[in-house]
Amino acid sequence: MNFGPWISCERMAVLHGGFLLAEKQYHPKTLAALNKSEWGTIGQHVIRAFEESCKIISDPGEKTQWKKKVIAFIWAKVLSFKPDTSGNDVDHKWKSDIFFSVHTMIPNVNYVTLLELVKSLQASELFVQLLMALPPERSVSELKTFADHALNEVSLTDIDFFLDLWQEIMKYKKEQQDEIDSVFAAEACRFLSDVGDEFSQSPKRFKPNNESGVLDSPGICIPGILFDCLQMMVSSIVSLKFKCCALANLAQMLFTTMLSETDYYLPIDLYLQKLAIVISVWNASSEQQSDEKCSVAKVKEAEKVVRSAHTASNYKLSNTTRIFGLQVFSELLHSWSLELKEATDLTAEYTYQRYRMIDCFVCFNKILSSYRSFPDLSEADKECAADVCQTITDFLENLSFPILEGKAILFAVAVIIIDERMDRYKEVCSVFASASSWASSTEEWISCIERNKVIFTEQNLVLKLIAAVMSEACLGSSNDKLKRIMAVTLDCFSELSVVDQNSILVHIISAYGPKGLCTRTGIPEDFQKELNLSFNCITQSEGDLTITKAASSVARVLLLHPEATLQKACHLAVVNLGAQKLLAEILKNLLAPSAKECSSSVTLGSLLIGCLKEAAWEKLTSDIEVTQFLDFLSSLMQPYESSCPLLCPNDVVKHFVLPHLMENYSNLELSLQILKRALHQDSGKQLTEQWIINTSPFPLVFSLCCLLDGFIKCWQEGSGEVHPPSIETRDLLIYVLEQICSLAEQVAAAFPETRSRSLLWLHRKTENLDWTVRLRLRSIYCGYFKNEVPSTLFEVCKLSDYEWSPLNISEYGQGTGLLAWMECCCSSADVMEEMISSLNVDQKNPDEINMFSKGFLIALVQVMPWCSQNEWKRLAYVVKKLLQKEYLHVPYTLEYVTVMPLLNLRPFACELQFSVLLLRAFQFLCSKSCSDWLPVQGWTYVAKLYSNSISDVLESVKSKCTLQETNEDQNANMAQECIFVFIQLFCHVLHITVMMPEGTTEPLYVLALKVLSQYEAQCMMDNSAIQSLTRANEKYFLQSIAEHMKNEEQRTTLLQKISKF
C-alpha cells in the first residue's frame, strides 16, 4: 500500500498542525506523558485539526478511510515509541518503517492519545478492524491495554465506548480486512515486542480476576477480558441504556460462543423481519432519528447487528470462561432485573438497546435449555446454567417485541439487500419473488426484478415468479403490469440451463395443465408470431443450430402455452422435410429428463400424444409425411442421454396401435409400422428392461392373429365403413406378429407359474381362426400344443405325430394335400424347409411326378393371389428347389421360337422353367373359371408379384452371364444364350399382359421395358460374326410380339424402344 499521499497531501499538513498546537499547549511536558484527565483540554486541538482535514473530503467512504489511516499511523506511532531512540535507530527506521515519514510529523504519543481520539471520533468499528488484524496474542494484549484505559477514571463516555467496542468485536468478520489492516498488522508486529507498559502507575489498573481464573495465562482470551472488565465497571453503570446494552452484550457473546456452524441458522423470513425491526426501532429512537426511514447504510448496519447476534462466534470459550460469563450475567440480571422490567413496562417506546437485550435473551434462553443437558458439564455448571435460564424466563414474562411499523419497511429492506447484493441476497430473492402481497401492491416490486434479472435466473426463483404471474392474473391486475411481470419472468427463464428449463416446464404442465401460463393469463396477442419465429429459426437454419440453442428458442413459447407449442412442433416434424429428428431432439432436450416427475393427470406423455394425434396423425397426406411422422415418433421413444424416453413405447402402443386393431382396419398399416418401431426400441435389452414386460403380450398376439385371419377377405369388396385389409400390409403384420410371439415366448419362460394358463387362454381364443394363423404360433406352443394342420397334408408329407396333429376341415377335401402343403411353406422359413424335406413323392414313378406337377400348378394358382410379398418369395424358392430336385416337371415348349437355335440352354433351365410355370399359372388364373376371383386391385397385385419374380430371374440370368466373362472362348455363345432367354421372358411377359384385364397391366408393362433394356445391354456384348443379321431377325420378331399389346400407348412405347435396337 502506498502511504506517500498521507504525507504530501493537504490533509496530513492540517493534522500535523493540530498535534503541534497540542504539544505547544502541553509544554514543557510531552504528549507521551498525557493523562486521561488532560485529554479534554489538550486533545481538542487534534480533534479540530482532524475535523478540518475532513472538510476537504466529499466522499463519505473516502472520509472513513482517512479516519482509519489516522488511527493506524497514530497506533503504529504508539507501538514504535522508545524513549531511548538513538541516531542509529533513526537511520535504520527510515529505511524499514513504512510509517517513518508520517511519524516524523507526529510527536511521540501514548495510548491515552490513541484511545481518547478513537473515542472522540466514535471510531470503535475502525479500531476493532485494526485490532483484529493483529495476531491473536497481540490483539489480546492490546485489548488488555484498552481495558486498563477504560477502567481508569471511568466516565459515561468510557462505558459507552467500552460497550460499543464490545459490540463491534462481536460484529467483526475476518472477510472485512482491507489493505490498511494488512499493512498496519505487518508494521505493528515489528513494534509490539518492544513496547513498554505506559500505564504502570494507573490508580485503577486492569488486573486479572484471580478468583475467576479466566485470564490466567495461557488461557487468556478476548471474551474473558470483556467479561472481567464489565464486572469491574459495573458500579459505574447507572444508565438504563447502558444496563440493557451490557446485558445484551453478555447474552449475545455467551449465546454465539455456544453455537456451532450448523447448530443455529436464522430462517430468511425471520432474518428479514429482524432487520426491519432493528431499523424500525432505530427510526423510533430519539438517538437514531433521520429523514430517511430505510437507507443502504442503515440496512448494512442492521445486517451486521442481526448477523452477529445469530451466527456462531469467532471465539470458543473454555468451560471456565463460560461459567464465569454466566455468573457475571446472572449477577447483573438479578441486580438490575426489577429496574429494567419496571422501566420496560412503563415505557411506550422501545429503545434500540432494550429491543436488542430482549432479542438476545430469547435466543440465549433457548440454547441454555439444551445446554443444561450436556453430559460433560459438572453439576455446579448445570446448576449455574439452570439458574440463568430460570432468571431469563422470569424476566421475559409479560414482555413483547416491538411491532413492525408496516410492510413498507420490510419491502424496502428487501429491495436494498437485492440491489446492493448484501449478505443472503439470494435467499431474499426467494422471499421477494414469492411475496404476492408485494407484487400486487407496489410497482417497485417488478422494477426491482427488472433491475436485477441476472440474479433471478435460478430455477426456484423463476418458479416463484411464475406463481406470481398466475396470482396477478387471478387478481385481475392491469394488462400493462401483467405484461411486465410476464416479460421479466420469461427473460429469466430464457437464461436458465436446459436442465432447469426442463424441470420448470414439467412443473408447469403438472400444475397448470396443457395451456401453461396462458391458462390464467390468456394467450398474448403476439404469441402466434413468437411461436412462428421460434420454429422458423430452427427449420430454416438446421445445419448451424445446436440442439441447446434450438431448445432455448422453443422453451420460451413452450412455457407460455405447452399444448400449442407441441402441436406446432408435431406439425412441422411431419410437413417440414428433414426436420423431424431435430425437433424430436429439441423436445427431448427440454422435456425428457424430468418427464417421470410429471405427476398430474396431464402428464407430458399424454399431452404430447394428444398433440401428435391432433396435429399430425389425422392429417397425414403423403408417404413422405408418414415416414417423417414415424421417424419423429421413433426419436421420441428413444431415451435421452441417461433419462427415460419422452414417450414410453407402451403408451405409444396404447394410443396409436391398440385402438386401430379393429374390424374396419382403419390406419392399420400405420399402426403396425408404429408397433414395429416400438418393438425396435427394446432391441438388445434384457427382458426385464423391455416395455412389453409391463403388459401381457398374449392379448396383443391374439389381436394380431385376428387381423391376419381377416386377410382371407382381402379381395372382397368393402361395405360402408368396413374395408378389408390391404394385402400389402400382410408382410408387415406377419413380421410384427413374429416379433411379439418371440417376446411372448420369453415372457412365458420368465414367468413359469402363469405360462400354462396364458398359453391355454391363447389356444382357446384362437380355436376359431384359420389353421394357417394358428400355425404361426408354433414357437409359443412348442412343448404344449401340436401343430394342427388339415389331415390331407399327411397324404403328401411324412410328418411326426409328436409335433403334428391332423384336423378334419371341410374346405380341405380329397386332393387338397398339396394346397395345405404349399400354405405351410408360406408360413415360415423353418416350416418351409421341413415341408420340402418331408415331401413324399416317388421320383421313379412318372405318373406320380406328372400328377404332382399338375396338382402343384393348381395349388399355386389358388395360393398366389393371397400371398404377401415375402410369402411369394418363399414359394418361388420352393419352386426352384423342386425344379432342382426334379420333383416338379415343367416342360418347356418352343411356341415363341421361329428358328431353333443351336445353344446350350441348360444353365438357364431353371429360370426358363420357372417363367413357363408362371405363364401356365396365369393362363389358368385368367381362364373363364377363375376370372371372377379377383377385383381390379387383386389383378394388379398378382401382376406385381409376377413382375418381382421375373425381375429376380433377370438378375439371376445376368449374374450367370457375368460369371462367364472371364472365359473368352465362351463369351459370344453365352451372350447369345442370354439374349435368347431375355427374348423368351419378353414373350412370356407380353403373353400374360394380353390375358390380363384392362387397367391392371402397368407392372407388366414396366417389366417388359426392363427386359428389353437387359436385352439391349446383352446385345452389345455379342461379338458373333453374324450378329447384325441375328439382331435384325430378333428385332422383327420382338416387334411382331409387341404388336399384340392392347394398350395403344404402351404398345407404341415398346415399339419405339425396339425400333432403336
# chains A, B, ... in the order shown; residues from 1 in each chain; ligands from 1
>>> residues_around(residues="Leu860 (chain A)", least_positions_apart="5", cutoff="8 Å", atoms="only C-alpha atoms", output="PyMOL selection string")
chain A and resi 819+822+921
>>> write_last_selection(atoms="all heavy atoms", output="compact mmCIF listing (two decimals), in the first residue's frame")
# COMPACT_ATOMS: atom_id res chain seq x y z
N LEU A 819 -52.27 -78.24 -51.57
CA LEU A 819 -52.68 -76.88 -51.20
C LEU A 819 -52.28 -76.59 -49.75
O LEU A 819 -51.69 -75.54 -49.47
CB LEU A 819 -54.19 -76.73 -51.38
CG LEU A 819 -54.78 -75.38 -50.92
CD1 LEU A 819 -54.21 -74.24 -51.74
CD2 LEU A 819 -56.32 -75.42 -51.04
N MET A 822 -48.50 -76.29 -49.53
CA MET A 822 -47.99 -75.01 -50.03
C MET A 822 -48.27 -73.88 -49.02
O MET A 822 -47.44 -72.98 -48.82
CB MET A 822 -48.64 -74.69 -51.37
CG MET A 822 -47.89 -73.65 -52.19
SD MET A 822 -48.52 -73.52 -53.87
CE MET A 822 -47.94 -75.03 -54.59
N ALA A 921 -49.56 -70.74 -64.91
CA ALA A 921 -50.41 -70.36 -63.76
C ALA A 921 -51.32 -69.20 -64.14
O ALA A 921 -52.51 -69.20 -63.80
CB ALA A 921 -49.53 -69.98 -62.58
>>> residues_around(residues="Gln1014 (chain A)", least_positions_apart="3", cutoff="9 Å", atoms="only C-alpha atoms", output="ChimeraX atom specification")
/A:954,958,979,982,1009-1011,1017-1019
>>> write_last_selection(atoms="all heavy atoms", output="mmCIF file, in the first residue's frame")
data_model
loop_
_atom_site.group_PDB
_atom_site.id
_atom_site.type_symbol
_atom_site.label_atom_id
_atom_site.label_comp_id
_atom_site.auth_asym_id
_atom_site.auth_seq_id
_atom_site.Cartn_x
_atom_site.Cartn_y
_atom_site.Cartn_z
ATOM 1 N N LEU A 954 -34.349 -62.139 -64.072
ATOM 2 C CA LEU A 954 -33.445 -61.318 -64.896
ATOM 3 C C LEU A 954 -32.086 -61.144 -64.220
ATOM 4 O O LEU A 954 -31.040 -61.253 -64.862
ATOM 5 C CB LEU A 954 -34.075 -59.952 -65.155
ATOM 6 C CG LEU A 954 -35.266 -59.900 -66.111
ATOM 7 C CD1 LEU A 954 -35.864 -58.505 -66.144
ATOM 8 C CD2 LEU A 954 -34.831 -60.314 -67.532
ATOM 9 N N LYS A 958 -28.504 -62.492 -65.555
ATOM 10 C CA LYS A 958 -27.420 -61.512 -65.725
ATOM 11 C C LYS A 958 -26.175 -61.930 -64.944
ATOM 12 O O LYS A 958 -25.039 -61.822 -65.435
ATOM 13 C CB LYS A 958 -27.916 -60.156 -65.250
ATOM 14 C CG LYS A 958 -26.922 -59.029 -65.434
ATOM 15 C CD LYS A 958 -27.508 -57.713 -64.924
ATOM 16 C CE LYS A 958 -26.463 -56.604 -64.999
ATOM 17 N NZ LYS A 958 -27.003 -55.325 -64.466
ATOM 18 N N ILE A 979 -29.306 -63.662 -74.584
ATOM 19 C CA ILE A 979 -30.226 -62.925 -75.451
ATOM 20 C C ILE A 979 -31.478 -63.760 -75.719
ATOM 21 O O ILE A 979 -32.607 -63.267 -75.668
ATOM 22 C CB ILE A 979 -29.524 -62.535 -76.769
ATOM 23 C CG1 ILE A 979 -28.462 -61.453 -76.483
ATOM 24 C CG2 ILE A 979 -30.529 -62.048 -77.806
ATOM 25 C CD1 ILE A 979 -27.534 -61.192 -77.647
ATOM 26 N N PHE A 982 -33.693 -63.733 -72.646
ATOM 27 C CA PHE A 982 -34.400 -62.451 -72.487
ATOM 28 C C PHE A 982 -35.567 -62.349 -73.466
ATOM 29 O O PHE A 982 -36.639 -61.832 -73.126
ATOM 30 C CB PHE A 982 -33.434 -61.287 -72.698
ATOM 31 C CG PHE A 982 -32.432 -61.133 -71.574
ATOM 32 C CD1 PHE A 982 -31.131 -60.708 -71.837
ATOM 33 C CD2 PHE A 982 -32.775 -61.415 -70.262
ATOM 34 C CE1 PHE A 982 -30.213 -60.569 -70.824
ATOM 35 C CE2 PHE A 982 -31.846 -61.269 -69.248
ATOM 36 C CZ PHE A 982 -30.559 -60.860 -69.516
ATOM 37 N N LEU A 1009 -40.388 -53.338 -70.393
ATOM 38 C CA LEU A 1009 -39.345 -52.357 -70.702
ATOM 39 C C LEU A 1009 -38.016 -52.755 -70.067
ATOM 40 O O LEU A 1009 -36.940 -52.598 -70.674
ATOM 41 C CB LEU A 1009 -39.765 -50.975 -70.195
ATOM 42 C CG LEU A 1009 -40.914 -50.286 -70.945
ATOM 43 C CD1 LEU A 1009 -41.325 -49.016 -70.226
ATOM 44 C CD2 LEU A 1009 -40.496 -49.980 -72.383
ATOM 45 N N LYS A 1010 -38.105 -53.294 -68.853
ATOM 46 C CA LYS A 1010 -36.880 -53.714 -68.151
ATOM 47 C C LYS A 1010 -36.215 -54.889 -68.889
ATOM 48 O O LYS A 1010 -34.979 -54.929 -69.026
ATOM 49 C CB LYS A 1010 -37.246 -54.118 -66.722
ATOM 50 C CG LYS A 1010 -36.052 -54.381 -65.829
ATOM 51 C CD LYS A 1010 -36.513 -54.624 -64.381
ATOM 52 C CE LYS A 1010 -35.316 -54.829 -63.483
ATOM 53 N NZ LYS A 1010 -35.743 -55.076 -62.084
ATOM 54 N N VAL A 1011 -37.033 -55.830 -69.371
ATOM 55 C CA VAL A 1011 -36.482 -56.977 -70.123
ATOM 56 C C VAL A 1011 -35.811 -56.498 -71.404
ATOM 57 O O VAL A 1011 -34.711 -56.956 -71.762
ATOM 58 C CB VAL A 1011 -37.602 -57.993 -70.445
ATOM 59 C CG1 VAL A 1011 -37.052 -59.119 -71.334
ATOM 60 C CG2 VAL A 1011 -38.187 -58.571 -69.177
ATOM 61 N N ALA A 1017 -28.633 -54.372 -73.523
ATOM 62 C CA ALA A 1017 -27.296 -54.376 -72.909
ATOM 63 C C ALA A 1017 -26.530 -55.633 -73.292
ATOM 64 O O ALA A 1017 -25.309 -55.588 -73.539
ATOM 65 C CB ALA A 1017 -27.435 -54.279 -71.387
ATOM 66 N N GLN A 1018 -27.241 -56.779 -73.377
ATOM 67 C CA GLN A 1018 -26.576 -58.027 -73.698
ATOM 68 C C GLN A 1018 -26.168 -58.086 -75.175
ATOM 69 O O GLN A 1018 -25.132 -58.660 -75.519
ATOM 70 C CB GLN A 1018 -27.506 -59.200 -73.357
ATOM 71 C CG GLN A 1018 -26.795 -60.535 -73.255
ATOM 72 C CD GLN A 1018 -25.764 -60.554 -72.139
ATOM 73 O OE1 GLN A 1018 -26.007 -60.056 -71.063
ATOM 74 N NE2 GLN A 1018 -24.587 -61.099 -72.431
ATOM 75 N N CYS A 1019 -26.968 -57.446 -76.002
ATOM 76 C CA CYS A 1019 -26.636 -57.431 -77.436
ATOM 77 C C CYS A 1019 -25.298 -56.744 -77.694
ATOM 78 O O CYS A 1019 -24.565 -57.105 -78.632
ATOM 79 C CB CYS A 1019 -27.738 -56.721 -78.218
ATOM 80 S SG CYS A 1019 -29.248 -57.712 -78.377
#
>>> residues_around(residues="region 1033-1040 of chain A", least_positions_apart="6", cutoff="9 Å", atoms="only C-alpha atoms", output="list in words")
Thr898, Ile983, Phe986, Cys987, Leu1054, Leu1055, Ile1058, Ser1059 and Phe1061 of chain A
>>> write_last_selection(atoms="N, CA, C and O atoms", output="short mmCIF file (atom, residue, chain, number, x, y, z; two decimals), in the first residue's frame")
data_model
loop_
_atom_site.label_atom_id
_atom_site.label_comp_id
_atom_site.auth_asym_id
_atom_site.auth_seq_id
_atom_site.Cartn_x
_atom_site.Cartn_y
_atom_site.Cartn_z
N THR A 898 -39.03 -69.15 -83.66
CA THR A 898 -39.27 -69.29 -85.11
C THR A 898 -38.21 -70.18 -85.74
O THR A 898 -38.50 -70.96 -86.65
N ILE A 983 -35.38 -62.84 -74.69
CA ILE A 983 -36.47 -62.80 -75.67
C ILE A 983 -37.63 -63.68 -75.21
O ILE A 983 -38.79 -63.28 -75.30
N PHE A 986 -39.46 -61.96 -72.46
CA PHE A 986 -40.27 -60.87 -73.02
C PHE A 986 -41.58 -61.43 -73.59
O PHE A 986 -42.66 -60.85 -73.38
N CYS A 987 -41.47 -62.52 -74.28
CA CYS A 987 -42.67 -63.12 -74.87
C CYS A 987 -43.64 -63.59 -73.78
O CYS A 987 -44.86 -63.40 -73.91
N LEU A 1054 -43.30 -49.48 -76.49
CA LEU A 1054 -42.50 -50.69 -76.68
C LEU A 1054 -41.93 -50.75 -78.11
O LEU A 1054 -40.74 -51.08 -78.30
N LEU A 1055 -42.74 -50.44 -79.08
CA LEU A 1055 -42.28 -50.48 -80.47
C LEU A 1055 -41.19 -49.45 -80.74
O LEU A 1055 -40.22 -49.72 -81.49
N ILE A 1058 -38.02 -50.83 -79.31
CA ILE A 1058 -37.47 -51.92 -80.13
C ILE A 1058 -36.87 -51.38 -81.43
O ILE A 1058 -35.84 -51.85 -81.90
N SER A 1059 -37.49 -50.35 -81.97
CA SER A 1059 -37.01 -49.79 -83.25
C SER A 1059 -35.62 -49.19 -83.15
O SER A 1059 -34.92 -49.03 -84.15
N PHE A 1061 -33.13 -50.54 -81.61
CA PHE A 1061 -32.09 -51.59 -81.47
C PHE A 1061 -31.24 -51.68 -82.72
O PHE A 1061 -31.73 -51.50 -83.83
#
>>> residues_around(residues="region 119-123 of chain A", least_positions_apart="4", cutoff="7 Å", atoms="only C-alpha atoms", output="list in words")
Leu115, Phe127 and Phe161 of chain A
>>> atom_distance(atom1="CA of Ile504 (chain A)", atom2="CA of Leu475 (chain A)")
23.1 Å
>>> residues_around(residues="region 574-583 of chain A", least_positions_apart="2", cutoff="7 Å", atoms="only C-alpha atoms", output="mmCIF file with N, CA, C and O atoms, in the first residue's frame")
data_model
loop_
_atom_site.group_PDB
_atom_site.id
_atom_site.type_symbol
_atom_site.label_atom_id
_atom_site.label_comp_id
_atom_site.auth_asym_id
_atom_site.auth_seq_id
_atom_site.Cartn_x
_atom_site.Cartn_y
_atom_site.Cartn_z
ATOM 1 N N THR A 539 -36.178 -24.398 -38.341
ATOM 2 C CA THR A 539 -36.339 -25.118 -39.612
ATOM 3 C C THR A 539 -35.561 -24.497 -40.750
ATOM 4 O O THR A 539 -35.229 -25.170 -41.720
ATOM 5 N N ALA A 569 -44.796 -28.082 -33.112
ATOM 6 C CA ALA A 569 -43.618 -28.929 -33.327
ATOM 7 C C ALA A 569 -44.007 -30.217 -34.044
ATOM 8 O O ALA A 569 -43.314 -30.658 -34.978
ATOM 9 N N CYS A 570 -45.111 -30.818 -33.637
ATOM 10 C CA CYS A 570 -45.569 -32.063 -34.267
ATOM 11 C C CYS A 570 -45.939 -31.827 -35.726
ATOM 12 O O CYS A 570 -45.621 -32.648 -36.603
ATOM 13 N N HIS A 571 -46.595 -30.729 -35.986
ATOM 14 C CA HIS A 571 -46.988 -30.405 -37.366
ATOM 15 C C HIS A 571 -45.758 -30.207 -38.253
ATOM 16 O O HIS A 571 -45.680 -30.769 -39.350
ATOM 17 N N LEU A 572 -44.800 -29.423 -37.751
ATOM 18 C CA LEU A 572 -43.595 -29.156 -38.541
ATOM 19 C C LEU A 572 -42.751 -30.410 -38.729
ATOM 20 O O LEU A 572 -42.109 -30.590 -39.766
ATOM 21 N N GLU A 585 -35.258 -34.116 -31.017
ATOM 22 C CA GLU A 585 -34.145 -33.882 -30.090
ATOM 23 C C GLU A 585 -34.394 -32.653 -29.221
ATOM 24 O O GLU A 585 -34.066 -32.629 -28.043
ATOM 25 N N ILE A 586 -34.976 -31.625 -29.818
ATOM 26 C CA ILE A 586 -35.279 -30.406 -29.057
ATOM 27 C C ILE A 586 -36.279 -30.716 -27.942
ATOM 28 O O ILE A 586 -36.086 -30.320 -26.782
ATOM 29 N N LEU A 587 -37.342 -31.414 -28.285
ATOM 30 C CA LEU A 587 -38.360 -31.740 -27.278
ATOM 31 C C LEU A 587 -37.795 -32.647 -26.193
ATOM 32 O O LEU A 587 -38.079 -32.459 -25.006
ATOM 33 N N ALA A 616 -50.826 -34.152 -36.244
ATOM 34 C CA ALA A 616 -50.112 -34.955 -37.234
ATOM 35 C C ALA A 616 -50.877 -36.199 -37.668
ATOM 36 O O ALA A 616 -51.152 -36.405 -38.848
ATOM 37 N N GLU A 625 -44.841 -37.762 -45.541
ATOM 38 C CA GLU A 625 -45.312 -37.308 -44.230
ATOM 39 C C GLU A 625 -45.435 -38.478 -43.260
ATOM 40 O O GLU A 625 -45.123 -38.348 -42.075
ATOM 41 N N GLN A 628 -41.937 -39.325 -42.102
ATOM 42 C CA GLN A 628 -41.445 -38.323 -41.143
ATOM 43 C C GLN A 628 -42.138 -38.481 -39.784
ATOM 44 O O GLN A 628 -41.510 -38.344 -38.742
ATOM 45 N N PHE A 629 -43.431 -38.778 -39.836
ATOM 46 C CA PHE A 629 -44.164 -38.996 -38.593
ATOM 47 C C PHE A 629 -43.598 -40.187 -37.831
ATOM 48 O O PHE A 629 -43.393 -40.129 -36.612
ATOM 49 N N ASP A 631 -40.555 -41.462 -38.075
ATOM 50 C CA ASP A 631 -39.214 -41.106 -37.589
ATOM 51 C C ASP A 631 -39.300 -40.235 -36.338
ATOM 52 O O ASP A 631 -38.542 -40.411 -35.379
ATOM 53 N N PHE A 632 -40.214 -39.289 -36.372
ATOM 54 C CA PHE A 632 -40.426 -38.387 -35.233
ATOM 55 C C PHE A 632 -40.850 -39.175 -33.996
ATOM 56 O O PHE A 632 -40.296 -39.004 -32.900
ATOM 57 N N SER A 635 -37.947 -41.286 -32.618
ATOM 58 C CA SER A 635 -36.983 -40.467 -31.866
ATOM 59 C C SER A 635 -37.511 -40.127 -30.478
ATOM 60 O O SER A 635 -36.758 -40.122 -29.504
#
>>> residues_around(residues="Thr256 (chain A)", least_positions_apart="4", cutoff="6 Å", atoms="only C-alpha atoms", output="list in words")
Gln252, Ala312 and Ser313 of chain A
>>> residues_around(residues="region 833-840 of chain A", least_positions_apart="2", cutoff="10 Å", atoms="only C-alpha atoms", output="short mmCIF file (atom, residue, chain, number, x, y, z; two decimals) with N, CA, C and O atoms, in the first residue's frame")
data_model
loop_
_atom_site.label_atom_id
_atom_site.label_comp_id
_atom_site.auth_asym_id
_atom_site.auth_seq_id
_atom_site.Cartn_x
_atom_site.Cartn_y
_atom_site.Cartn_z
N LEU A 793 -52.89 -83.03 -45.52
CA LEU A 793 -51.45 -82.73 -45.62
C LEU A 793 -50.63 -84.00 -45.43
O LEU A 793 -49.57 -84.17 -46.04
N PHE A 794 -51.15 -84.92 -44.59
CA PHE A 794 -50.40 -86.14 -44.30
C PHE A 794 -50.36 -87.07 -45.51
O PHE A 794 -49.58 -88.03 -45.53
N GLU A 795 -51.21 -86.81 -46.55
CA GLU A 795 -51.20 -87.63 -47.77
C GLU A 795 -49.98 -87.34 -48.63
O GLU A 795 -49.58 -88.19 -49.43
N VAL A 796 -49.40 -86.13 -48.49
CA VAL A 796 -48.25 -85.75 -49.33
C VAL A 796 -46.97 -85.59 -48.52
O VAL A 796 -45.91 -85.36 -49.09
N CYS A 797 -47.07 -85.69 -47.18
CA CYS A 797 -45.90 -85.48 -46.32
C CYS A 797 -45.78 -86.58 -45.29
O CYS A 797 -46.79 -87.18 -44.88
N LYS A 798 -44.57 -86.83 -44.89
CA LYS A 798 -44.31 -87.72 -43.77
C LYS A 798 -43.98 -86.84 -42.55
O LYS A 798 -42.87 -86.34 -42.43
N LEU A 799 -44.98 -86.64 -41.69
CA LEU A 799 -44.83 -85.74 -40.55
C LEU A 799 -44.87 -86.52 -39.24
O LEU A 799 -45.56 -87.54 -39.12
N SER A 800 -44.18 -86.03 -38.24
CA SER A 800 -44.11 -86.68 -36.93
C SER A 800 -45.41 -86.48 -36.18
O SER A 800 -45.92 -85.35 -36.07
N LEU A 818 -51.68 -80.94 -51.40
CA LEU A 818 -50.64 -80.02 -51.89
C LEU A 818 -50.98 -78.56 -51.57
O LEU A 818 -50.08 -77.75 -51.32
N TRP A 821 -50.00 -78.17 -48.10
CA TRP A 821 -48.53 -78.21 -48.05
C TRP A 821 -47.94 -76.86 -48.47
O TRP A 821 -47.03 -76.33 -47.84
N MET A 822 -48.50 -76.29 -49.53
CA MET A 822 -47.99 -75.01 -50.03
C MET A 822 -48.27 -73.88 -49.02
O MET A 822 -47.44 -72.98 -48.82
N CYS A 824 -48.43 -74.26 -45.84
CA CYS A 824 -47.44 -74.45 -44.76
C CYS A 824 -46.09 -73.83 -45.15
O CYS A 824 -45.42 -73.20 -44.33
N CYS A 825 -45.72 -74.03 -46.43
CA CYS A 825 -44.45 -73.46 -46.90
C CYS A 825 -44.44 -71.94 -46.77
O CYS A 825 -43.39 -71.33 -46.54
N SER A 828 -43.48 -69.96 -42.70
CA SER A 828 -42.17 -69.53 -42.17
C SER A 828 -41.06 -70.31 -42.85
O SER A 828 -41.30 -71.36 -43.46
N ALA A 829 -39.85 -69.85 -42.70
CA ALA A 829 -38.70 -70.49 -43.37
C ALA A 829 -38.44 -71.88 -42.80
O ALA A 829 -38.16 -72.83 -43.56
N ASP A 830 -38.55 -72.05 -41.49
CA ASP A 830 -38.26 -73.36 -40.90
C ASP A 830 -39.33 -74.39 -41.25
O ASP A 830 -39.03 -75.56 -41.51
N VAL A 831 -40.60 -73.97 -41.29
CA VAL A 831 -41.68 -74.88 -41.70
C VAL A 831 -41.50 -75.23 -43.18
O VAL A 831 -41.71 -76.39 -43.59
N ASP A 842 -42.70 -90.08 -55.20
CA ASP A 842 -41.87 -91.15 -55.78
C ASP A 842 -41.35 -90.67 -57.13
O ASP A 842 -42.09 -90.61 -58.12
N GLN A 843 -40.07 -90.31 -57.17
CA GLN A 843 -39.49 -89.78 -58.40
C GLN A 843 -39.34 -90.83 -59.50
O GLN A 843 -39.20 -90.50 -60.68
N VAL A 878 -39.32 -72.33 -53.16
CA VAL A 878 -39.77 -73.73 -53.15
C VAL A 878 -39.81 -74.28 -54.58
O VAL A 878 -39.36 -75.40 -54.84
N LYS A 881 -36.38 -74.95 -55.81
CA LYS A 881 -35.82 -76.10 -55.11
C LYS A 881 -36.37 -77.40 -55.68
O LYS A 881 -35.63 -78.38 -55.90
N LEU A 882 -37.67 -77.42 -55.95
CA LEU A 882 -38.30 -78.62 -56.50
C LEU A 882 -37.86 -78.88 -57.94
O LEU A 882 -37.71 -80.03 -58.37
N TYR A 887 -38.43 -82.85 -58.68
CA TYR A 887 -39.74 -83.28 -58.23
C TYR A 887 -40.83 -82.68 -59.12
O TYR A 887 -41.89 -83.26 -59.30
#
>>> select_by_dssp(residues="region 521-655 of chain A", states="helix (DSSP H, G or I)", output="PyMOL selection string")
chain A and resi 521+527-539+547-560+562-575+580-597+604-615+617-619+623-637+649-655
>>> atom_distance(atom1="CA of Leu15 (chain A)", atom2="CA of Trp66 (chain A)")
11.3 Å
>>> atom_distance(atom1="CA of Leu126 (chain A)", atom2="CA of Lys68 (chain A)")
5.9 Å
>>> closest_residue(among="A:Leu607, A:Thr351, A:Ser182, A:Leu636", to="Ser510 (chain A)", atoms="only C-alpha atoms")
A:Leu607
>>> select_by_dssp(residues="region 583-794 of chain A", states="strand (DSSP E)", output="PyMOL selection string")
chain A and resi 787-790
>>> closest_residue(among="A:Met470, A:Met832, A:Ala550, A:Ala49", to="Ala511 (chain A)", atoms="only C-alpha atoms")
A:Met470
